[in-house]
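Student: Dropping a structure here in structure tokens format, bear with me for questions.
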Amino acid sequence: MTDDFDLVIRGGTVVTAAEQFRADVGISGGRIAAVGASLAGARVLDAGGLLVLPGGVDTHCHIEQLQADGGADEETWETGSRSALAGGTTSVVSFSTQFKGRAIGPSLAEYRRRAGQAMVDYAFHQIVTDPTDAVLNELPGIIASGVRSLKAFLTYDPLRLDDRQYLRVLAAARRHGALVTVHCENYDAIGWMTEALLAAGLTAPQYHAWSRPPVLEREATHRAIALAELVDQPIQVFHVSCPEAADEIARARLRGVRVWGETCPQYFVLSAADMDRPGFEGAKFMCSPAPRDAAATAGLWEAIRLGTLDVVSSDHSGWSYDGPRGKRVNGADASFRDIPNGVPGLASRLPILWSEGVATGRIGLSDFVRLTATQPARLFGLHPRKGSVMPGADADLVLWDPARRTTLTNALMQHVIDYTPYEGLAVTGWPVATVRRGEVVMQDGRVTAQPGSGQYLPVGPYDMIAPRGVLAHGFDPAAACS
Ligand code: DUC
Ligand code: ZN
Ligand code: ZN
């Protein structure tokens, strides 16, 4: 045998979104050069008894996101990348935020500068908070630079769009060939419920869930889809937490509407009861939409089985429990209204989904790959470079031990955040090694990638997000106005 390849992953079982088979993977120049038998390489990584999966593609994570007060999320590109690689994720799509009243360009440039420290490959969603004429004029250039998804928040001050503003974002995306991703909860109703709860003295973290029950997610999901249908603009509904919202997506898909649904591991293993832990502890589990209950979780698994939900992302949004900018930023007795929302989850995404999904028999191995790598890569224009084990793709791989039992701890997460909401959770299935573009960047938990070794992934036009060409009365409002 001659050394045909730089690196050979030998003796594992390759898993794709379609099938599983025994094969070696030959890597040259950072790409997969061959998948076959008896390959020889200058370096060999033994994958005997392990699965060889495509590196995880996490298309929803908040890393070093700039805050209105001039600061940034605690999780930096360096720490967030370390956590991602430790958990078997090699590519992420993070966020650039527009601040109301300001242009997008300068802040996007700052995001790009900060991401220069990344160790994973990365793309961006652009959050649009203020779609003025000037901003809409900026968007063609932003999209052409490779930021091909626009994020719309239907709730959350100061990010939230009203319906008319949301329509303007949808129309801009249609004109310039971008996907729109949407946070679906009803802003006014949450504000009204919050006032009522606070007036009744119900201020503890558990009342976060009371302030935003599933009916408000269902309503906003319905509205987000209906308005996207009006404009004929494809959307992905972010972080679906309950079957009521998933049902809205399923109904629209039956009509042929181009809408996709994402969910996250927190909705499989956390519940509203976690926010009712003693003292302020419940703040550790606060995210939006709120974790629900066992019946909701069962409904999400059903929606995954039916294909209504086809991406599982982390929505990693870390706020330390003790840090000065974290969950207690407004004091240890702050009302739920004043506690930052979000939970960290970059490193735990794959083990939790494997454990809850594959190890329990709810989904198969190829479903796991489809949900965590192939479909997110397709939907966000990163496929076939990312998300599949096949010749020509970047050699992003995870060597996965399907049987290893691990108890999650914060130290294993390798993020900067001082806690994990999954402390003590027993999981089956664990990443043993991570390979990013042919470089072994994690082995047995030790991350060896260099800051700055991640690559920007500019996203060009792709067919999957093309409008379907169905408009009421054949009239295209997006073409007629901005
Ligand atoms: N919800 C979001 O929509 N984003 C980040 C954190 C959260 O809880
Ligand atoms: Zn959101
Ligand atoms: Zn988010």
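Residue numbering restarts at 1 for every chain of the structure tokens, chains are lettered A, B, ... in their displayed order, and ligands are numbered from 1 as they appear.
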Which residues sit within 12 Å of ligand 2, counting only C-alpha atoms and all ligand atoms, listed as number ranges by chain?
Tutor: A: 60-62, 94-95, 125, 127, 151-156, 159-160, 181-185, 217, 236-241, 262-264, 287-290, 313-317, 341-343
Student: Can you pull out every residue from segment 158-328 of chain A that DSSP, working from the backbone, puts in strand (DSSP E), and format the result as a PDB file with N, CA and C atoms, in the first residue's frame?
Tutor:
ATOM      1  N   LEU A 179     -32.944  33.424   2.741  1.00  0.00           N
ATOM      2  CA  LEU A 179     -33.921  32.736   3.597  1.00  0.00           C
ATOM      3  C   LEU A 179     -34.246  33.681   4.755  1.00  0.00           C
ATOM      4  N   VAL A 180     -35.466  33.584   5.297  1.00  0.00           N
ATOM      5  CA  VAL A 180     -35.801  34.333   6.517  1.00  0.00           C
ATOM      6  C   VAL A 180     -36.015  33.317   7.635  1.00  0.00           C
ATOM      7  N   THR A 181     -35.373  33.556   8.773  1.00  0.00           N
ATOM      8  CA  THR A 181     -35.590  32.721   9.960  1.00  0.00           C
ATOM      9  C   THR A 181     -36.357  33.574  10.969  1.00  0.00           C
ATOM     10  N   VAL A 182     -37.260  32.933  11.709  1.00  0.00           N
ATOM     11  CA  VAL A 182     -38.192  33.734  12.509  1.00  0.00           C
ATOM     12  C   VAL A 182     -38.311  33.198  13.938  1.00  0.00           C
ATOM     13  N   HIS A 183     -38.224  34.113  14.897  1.00  0.00           N
ATOM     14  CA  HIS A 183     -38.544  33.807  16.301  1.00  0.00           C
ATOM     15  C   HIS A 183     -40.030  34.118  16.474  1.00  0.00           C
ATOM     16  N   ILE A 235     -39.358  30.457   4.660  1.00  0.00           N
ATOM     17  CA  ILE A 235     -38.877  30.779   6.018  1.00  0.00           C
ATOM     18  C   ILE A 235     -38.531  29.489   6.766  1.00  0.00           C
ATOM     19  N   GLN A 236     -37.688  29.653   7.783  1.00  0.00           N
ATOM     20  CA  GLN A 236     -37.508  28.587   8.772  1.00  0.00           C
ATOM     21  C   GLN A 236     -37.977  29.128  10.127  1.00  0.00           C
ATOM     22  N   VAL A 237     -38.853  28.379  10.796  1.00  0.00           N
ATOM     23  CA  VAL A 237     -39.304  28.760  12.135  1.00  0.00           C
ATOM     24  C   VAL A 237     -38.280  28.223  13.127  1.00  0.00           C
ATOM     25  N   VAL A 259     -41.879  26.220   4.209  1.00  0.00           N
ATOM     26  CA  VAL A 259     -41.579  26.558   5.597  1.00  0.00           C
ATOM     27  C   VAL A 259     -40.954  25.323   6.238  1.00  0.00           C
ATOM     28  N   TRP A 260     -39.879  25.573   6.993  1.00  0.00           N
ATOM     29  CA  TRP A 260     -39.182  24.487   7.695  1.00  0.00           C
ATOM     30  C   TRP A 260     -39.189  24.802   9.187  1.00  0.00           C
ATOM     31  N   GLY A 261     -39.027  23.754   9.990  1.00  0.00           N
ATOM     32  CA  GLY A 261     -39.057  23.942  11.446  1.00  0.00           C
ATOM     33  C   GLY A 261     -37.825  23.366  12.125  1.00  0.00           C
ATOM     34  N   GLU A 262     -37.313  24.145  13.055  1.00  0.00           N
ATOM     35  CA  GLU A 262     -36.146  23.742  13.858  1.00  0.00           C
ATOM     36  C   GLU A 262     -36.593  23.529  15.301  1.00  0.00           C
ATOM     37  N   THR A 263     -35.988  22.555  15.994  1.00  0.00           N
ATOM     38  CA  THR A 263     -36.151  22.493  17.440  1.00  0.00           C
ATOM     39  C   THR A 263     -34.776  22.326  18.070  1.00  0.00           C
ATOM     40  N   LEU A 309     -40.354  18.899  11.721  1.00  0.00           N
ATOM     41  CA  LEU A 309     -39.151  19.517  12.277  1.00  0.00           C
ATOM     42  C   LEU A 309     -37.970  18.737  11.723  1.00  0.00           C
ATOM     43  N   ASP A 310     -37.073  19.432  11.013  1.00  0.00           N
ATOM     44  CA  ASP A 310     -36.012  18.683  10.332  1.00  0.00           C
ATOM     45  C   ASP A 310     -34.609  19.182  10.655  1.00  0.00           C
ATOM     46  N   VAL A 311     -34.505  20.100  11.593  1.00  0.00           N
ATOM     47  CA  VAL A 311     -33.190  20.574  12.035  1.00  0.00           C
ATOM     48  C   VAL A 311     -33.205  20.646  13.557  1.00  0.00           C
ATOM     49  N   VAL A 312     -32.141  20.134  14.183  1.00  0.00           N
ATOM     50  CA  VAL A 312     -31.968  20.298  15.635  1.00  0.00           C
ATOM     51  C   VAL A 312     -30.702  21.116  15.857  1.00  0.00           C
TER      52      VAL A 312
END
Student: Kindly indicate which residue among A:Val470, A:Leu170, A:Met286, A:Leu66 lies nearest to Pro131 of chain A, using only C-alpha atoms for the distances.
Tutor: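 Among the listed residues, the smallest separation from Pro131 of chain A belongs to A:Leu170.
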Student: Using only C-alpha atoms and all ligand atoms for the distances, tell me which of A:Ala68, A:Ile63, A:Leu382, A:Ile417 is nearest to ligand 1.
Tutor: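 Nearest candidate to ligand 1 out of A:Ala68, A:Ile63, A:Leu382, A:Ile417: A:Ile63.
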Student: Tell me, as a PyMOL selection string, which residues lie within 12 Å of Gln65 of chain A, counting only C-alpha atoms; anything in the same chain fewer than 2 positions away does not count.
Tutor: chain A and resi 61-63+67-77+80+94-99+107-108+110-112+114-115+124-127+316-319
Student: Residues near segment 351-358 of chain A, anyone? I mean within 8 Å using only C-alpha atoms, not counting same-chain ones fewer than 3 positions away, as a VMD selection string.
Tutor: chain A and resid 87 265 268 347 to 348 361 to 365 368 427 to 431
Student: Could you please take those selected residues and save all heavy atoms as a tab-separated table (two decimals), in the first residue's frame?
Tutor:
chain	number	residue	atom	x	y	z
A	87	GLY	N	-17.83	19.03	21.32
A	87	GLY	CA	-19.10	18.32	21.16
A	87	GLY	C	-19.33	17.76	19.77
A	87	GLY	O	-20.42	17.28	19.47
A	265	PRO	N	-32.31	20.79	21.71
A	265	PRO	CA	-32.26	19.77	22.78
A	265	PRO	C	-32.91	20.20	24.08
A	265	PRO	O	-33.42	19.35	24.82
A	265	PRO	CB	-30.75	19.55	22.98
A	265	PRO	CG	-30.14	19.93	21.68
A	265	PRO	CD	-30.98	21.05	21.15
A	268	PHE	N	-36.19	18.80	24.68
A	268	PHE	CA	-36.30	17.35	24.93
A	268	PHE	C	-36.09	17.00	26.39
A	268	PHE	O	-36.66	16.04	26.89
A	268	PHE	CB	-35.27	16.56	24.10
A	268	PHE	CG	-35.39	16.75	22.61
A	268	PHE	CD1	-34.26	16.87	21.82
A	268	PHE	CD2	-36.63	16.80	22.00
A	268	PHE	CE1	-34.36	17.03	20.45
A	268	PHE	CE2	-36.75	16.96	20.64
A	268	PHE	CZ	-35.61	17.08	19.85
A	347	ALA	N	-21.88	22.20	23.08
A	347	ALA	CA	-21.22	20.89	23.24
A	347	ALA	C	-22.20	19.77	23.54
A	347	ALA	O	-21.90	18.60	23.29
A	347	ALA	CB	-20.17	20.97	24.34
A	348	SER	N	-23.34	20.11	24.10
A	348	SER	CA	-24.28	19.06	24.53
A	348	SER	C	-25.30	18.69	23.45
A	348	SER	O	-26.03	17.71	23.61
A	348	SER	CB	-25.01	19.52	25.80
A	348	SER	OG	-25.54	20.82	25.63
A	361	GLY	N	-34.34	4.71	20.50
A	361	GLY	CA	-35.06	4.15	19.35
A	361	GLY	C	-36.07	5.09	18.73
A	361	GLY	O	-36.82	4.70	17.84
A	362	ARG	N	-36.09	6.35	19.17
A	362	ARG	CA	-37.07	7.28	18.56
A	362	ARG	C	-36.69	7.65	17.14
A	362	ARG	O	-37.55	7.90	16.30
A	362	ARG	CB	-37.15	8.56	19.41
A	362	ARG	CG	-37.83	8.38	20.75
A	362	ARG	CD	-37.84	9.72	21.46
A	362	ARG	NE	-38.59	9.69	22.68
A	362	ARG	CZ	-38.06	9.87	23.90
A	362	ARG	NH1	-36.77	10.09	24.04
A	362	ARG	NH2	-38.82	9.83	24.96
A	363	ILE	N	-35.38	7.75	16.88
A	363	ILE	CA	-34.89	8.04	15.52
A	363	ILE	C	-33.74	7.09	15.21
A	363	ILE	O	-33.16	6.49	16.12
A	363	ILE	CB	-34.42	9.52	15.37
A	363	ILE	CG1	-33.27	9.83	16.34
A	363	ILE	CG2	-35.57	10.49	15.53
A	363	ILE	CD1	-32.63	11.21	16.13
A	364	GLY	N	-33.42	7.00	13.92
A	364	GLY	CA	-32.32	6.14	13.50
A	364	GLY	C	-31.02	6.92	13.37
A	364	GLY	O	-30.99	8.16	13.48
A	365	LEU	N	-29.93	6.20	13.09
A	365	LEU	CA	-28.62	6.84	12.96
A	365	LEU	C	-28.62	7.87	11.82
A	365	LEU	O	-28.08	8.97	11.95
A	365	LEU	CB	-27.56	5.78	12.65
A	365	LEU	CG	-26.97	4.94	13.76
A	365	LEU	CD1	-28.01	4.04	14.41
A	365	LEU	CD2	-25.81	4.10	13.25
A	368	PHE	N	-30.34	11.01	12.70
A	368	PHE	CA	-29.48	11.86	13.53
A	368	PHE	C	-28.56	12.72	12.64
A	368	PHE	O	-28.44	13.93	12.85
A	368	PHE	CB	-28.65	10.96	14.46
A	368	PHE	CG	-27.68	11.69	15.32
A	368	PHE	CD1	-28.07	12.23	16.54
A	368	PHE	CD2	-26.35	11.83	14.93
A	368	PHE	CE1	-27.16	12.91	17.35
A	368	PHE	CE2	-25.43	12.50	15.73
A	368	PHE	CZ	-25.84	13.04	16.94
A	427	VAL	N	-25.95	10.60	29.67
A	427	VAL	CA	-26.20	10.44	28.23
A	427	VAL	C	-25.43	9.23	27.72
A	427	VAL	O	-24.39	8.85	28.25
A	427	VAL	CB	-25.79	11.69	27.40
A	427	VAL	CG1	-26.68	12.87	27.73
A	427	VAL	CG2	-24.32	12.04	27.59
A	428	THR	N	-25.99	8.65	26.66
A	428	THR	CA	-25.32	7.56	25.94
A	428	THR	C	-24.94	8.08	24.57
A	428	THR	O	-25.79	8.65	23.87
A	428	THR	CB	-26.29	6.37	25.79
A	428	THR	OG1	-26.70	5.96	27.10
A	428	THR	CG2	-25.63	5.20	25.08
A	429	GLY	N	-23.67	7.88	24.17
A	429	GLY	CA	-23.20	8.39	22.88
A	429	GLY	C	-22.32	9.60	23.09
A	429	GLY	O	-22.73	10.55	23.78
A	430	TRP	N	-21.10	9.57	22.49
A	430	TRP	CA	-20.15	10.64	22.79
A	430	TRP	C	-19.14	10.82	21.67
A	430	TRP	O	-18.69	9.83	21.10
A	430	TRP	CB	-19.42	10.30	24.10
A	430	TRP	CG	-18.73	11.47	24.71
A	430	TRP	CD1	-17.37	11.69	24.73
A	430	TRP	CD2	-19.33	12.60	25.35
A	430	TRP	NE1	-17.10	12.88	25.36
A	430	TRP	CE2	-18.28	13.47	25.75
A	430	TRP	CE3	-20.66	12.97	25.61
A	430	TRP	CZ2	-18.51	14.67	26.39
A	430	TRP	CZ3	-20.89	14.17	26.26
A	430	TRP	CH2	-19.83	15.00	26.65
A	431	PRO	N	-18.75	12.06	21.35
A	431	PRO	CA	-17.71	12.27	20.33
A	431	PRO	C	-16.33	11.97	20.90
A	431	PRO	O	-15.93	12.56	21.90
A	431	PRO	CB	-17.85	13.76	19.98
A	431	PRO	CG	-18.47	14.39	21.19
A	431	PRO	CD	-19.29	13.32	21.88
Student: Which one is closest to ligand 1: A:Gly345, A:Pro376, A:Pro278, A:Gly469? Count only C-alpha atoms and all ligand atoms.
Tutor: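 Closest to ligand 1 of all the choices is A:Gly345.
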Student: Can you tell me which residues surround Ala37 of chain A at a distance of at most 10 Å, considering only C-alpha atoms, apart from same-chain residues fewer than 4 positions away, and format the answer as a list of chain:residue names?
Tutor: A:Arg10, A:Gly11, A:Arg22, A:Ala23, A:Asp24, A:Val25, A:Gly26
Student: Next, the residues of the selection above should be written as an mmCIF file, in the first residue's frame with C-alpha atoms.
Tutor:
data_model
loop_
_atom_site.group_PDB
_atom_site.id
_atom_site.type_symbol
_atom_site.label_atom_id
_atom_site.label_comp_id
_atom_site.auth_asym_id
_atom_site.auth_seq_id
_atom_site.Cartn_x
_atom_site.Cartn_y
_atom_site.Cartn_z
ATOM 1 C CA ARG A 10 -9.778 3.477 9.188
ATOM 2 C CA GLY A 11 -12.222 0.760 10.095
ATOM 3 C CA ARG A 22 -18.195 -0.025 6.790
ATOM 4 C CA ALA A 23 -15.544 2.038 4.978
ATOM 5 C CA ASP A 24 -12.289 3.900 5.356
ATOM 6 C CA VAL A 25 -12.295 7.631 4.639
ATOM 7 C CA GLY A 26 -9.301 9.026 2.747
#
Student: Give me, please, the distance in Å between atom CA of Val57 of chain A and atom CA of Ala118 of chain A, quoted to one decimal.
Tutor: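 Between atom CA of Val57 of chain A and atom CA of Ala118 of chain A the gap is 14.6 Å.
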Student: Which residues are near Gln165 of chain A? Cut-off 9 Å, only C-alpha atoms, ignore same chain within fewer than 4 positions. Put them as a PyMOL selection string.
Tutor: chain A and resi 129-132+161+169-170
Student: For N, CA, C and O atoms, I'd like the residues from the last selection saved as a PDB file, in the first residue's frame.
Tutor:
ATOM      1  N   THR A 129     -33.573  44.575  12.606  1.00  0.00           N
ATOM      2  CA  THR A 129     -34.451  45.097  13.659  1.00  0.00           C
ATOM      3  C   THR A 129     -35.167  46.363  13.231  1.00  0.00           C
ATOM      4  O   THR A 129     -36.091  46.804  13.914  1.00  0.00           O
ATOM      5  N   ASP A 130     -34.738  46.949  12.137  1.00  0.00           N
ATOM      6  CA  ASP A 130     -35.209  48.285  11.775  1.00  0.00           C
ATOM      7  C   ASP A 130     -35.147  48.437  10.254  1.00  0.00           C
ATOM      8  O   ASP A 130     -34.233  49.081   9.729  1.00  0.00           O
ATOM      9  N   PRO A 131     -36.102  47.809   9.549  1.00  0.00           N
ATOM     10  CA  PRO A 131     -36.002  47.778   8.089  1.00  0.00           C
ATOM     11  C   PRO A 131     -36.432  49.081   7.419  1.00  0.00           C
ATOM     12  O   PRO A 131     -37.435  49.150   6.710  1.00  0.00           O
ATOM     13  N   THR A 132     -35.661  50.129   7.653  1.00  0.00           N
ATOM     14  CA  THR A 132     -35.911  51.413   6.996  1.00  0.00           C
ATOM     15  C   THR A 132     -35.529  51.304   5.522  1.00  0.00           C
ATOM     16  O   THR A 132     -34.875  50.334   5.109  1.00  0.00           O
ATOM     17  N   LEU A 161     -39.910  43.031  15.456  1.00  0.00           N
ATOM     18  CA  LEU A 161     -40.511  43.691  14.294  1.00  0.00           C
ATOM     19  C   LEU A 161     -42.027  43.620  14.410  1.00  0.00           C
ATOM     20  O   LEU A 161     -42.567  42.588  14.835  1.00  0.00           O
ATOM     21  N   VAL A 169     -39.084  42.839   5.541  1.00  0.00           N
ATOM     22  CA  VAL A 169     -37.922  41.935   5.544  1.00  0.00           C
ATOM     23  C   VAL A 169     -38.171  40.750   4.607  1.00  0.00           C
ATOM     24  O   VAL A 169     -37.291  40.350   3.830  1.00  0.00           O
ATOM     25  N   LEU A 170     -39.381  40.193   4.677  1.00  0.00           N
ATOM     26  CA  LEU A 170     -39.718  39.081   3.780  1.00  0.00           C
ATOM     27  C   LEU A 170     -39.561  39.499   2.316  1.00  0.00           C
ATOM     28  O   LEU A 170     -38.999  38.763   1.490  1.00  0.00           O
TER      29      LEU A 170
END
Student: Report the distance between atom CA of Arg437 of chain A and atom CA of Thr406 of chain A in Å, rounded to one decimal place.
Tutor: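 Atom-to-atom, atom CA of Arg437 of chain A to atom CA of Thr406 of chain A, that is 27.2 Å.
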Student: Identify which of the residues A:Ala178, A:Arg258, A:Asp367, A:Gly331 lies closest to Val147 of chain A, counting only C-alpha atoms when measuring atom-to-atom distances.
Tutor: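 Closest residue, counting only C-alpha atoms: A:Ala178.
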Student: What's around Glu302 of chain A at 12 Å? Count only C-alpha atoms, leave out sequence neighbours fewer than 2 positions away in its own chain, and write the answer as JSON, numbers by chain.
Tutor: {"A": [242, 243, 244, 246, 247, 250, 268, 295, 296, 297, 298, 299, 300, 304, 305, 306, 307, 308, 309, 310, 357, 362, 363]}
Student: Taking only C-alpha atoms into account, which of A:Arg168, A:Arg255, A:Arg223, A:Arg370 comes nearest Ala18 of chain A?
Tutor: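 Counting only C-alpha atoms, the residue closest to Ala18 of chain A is A:Arg370.
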Student: Between A:Arg31, A:Pro344, A:Gly381, A:Thr90, which is the closest to ligand 3 once you count only C-alpha atoms and all ligand atoms?
Tutor: A:Pro344
Student: Calculate how many Å separate atom CA of Ser145 of chain A from atom CA of Pro477 of chain A, rounding to one decimal.
Tutor: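 If I compute the distance from atom CA of Ser145 of chain A to atom CA of Pro477 of chain A, I get 25.5 Å.
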Student: Could you pull out the residues in segment 33-84 of chain A that DSSP calls alpha helix (DSSP H) from the backbone, as an MDAnalysis selection string?
Tutor: chainID A and resid 77:84
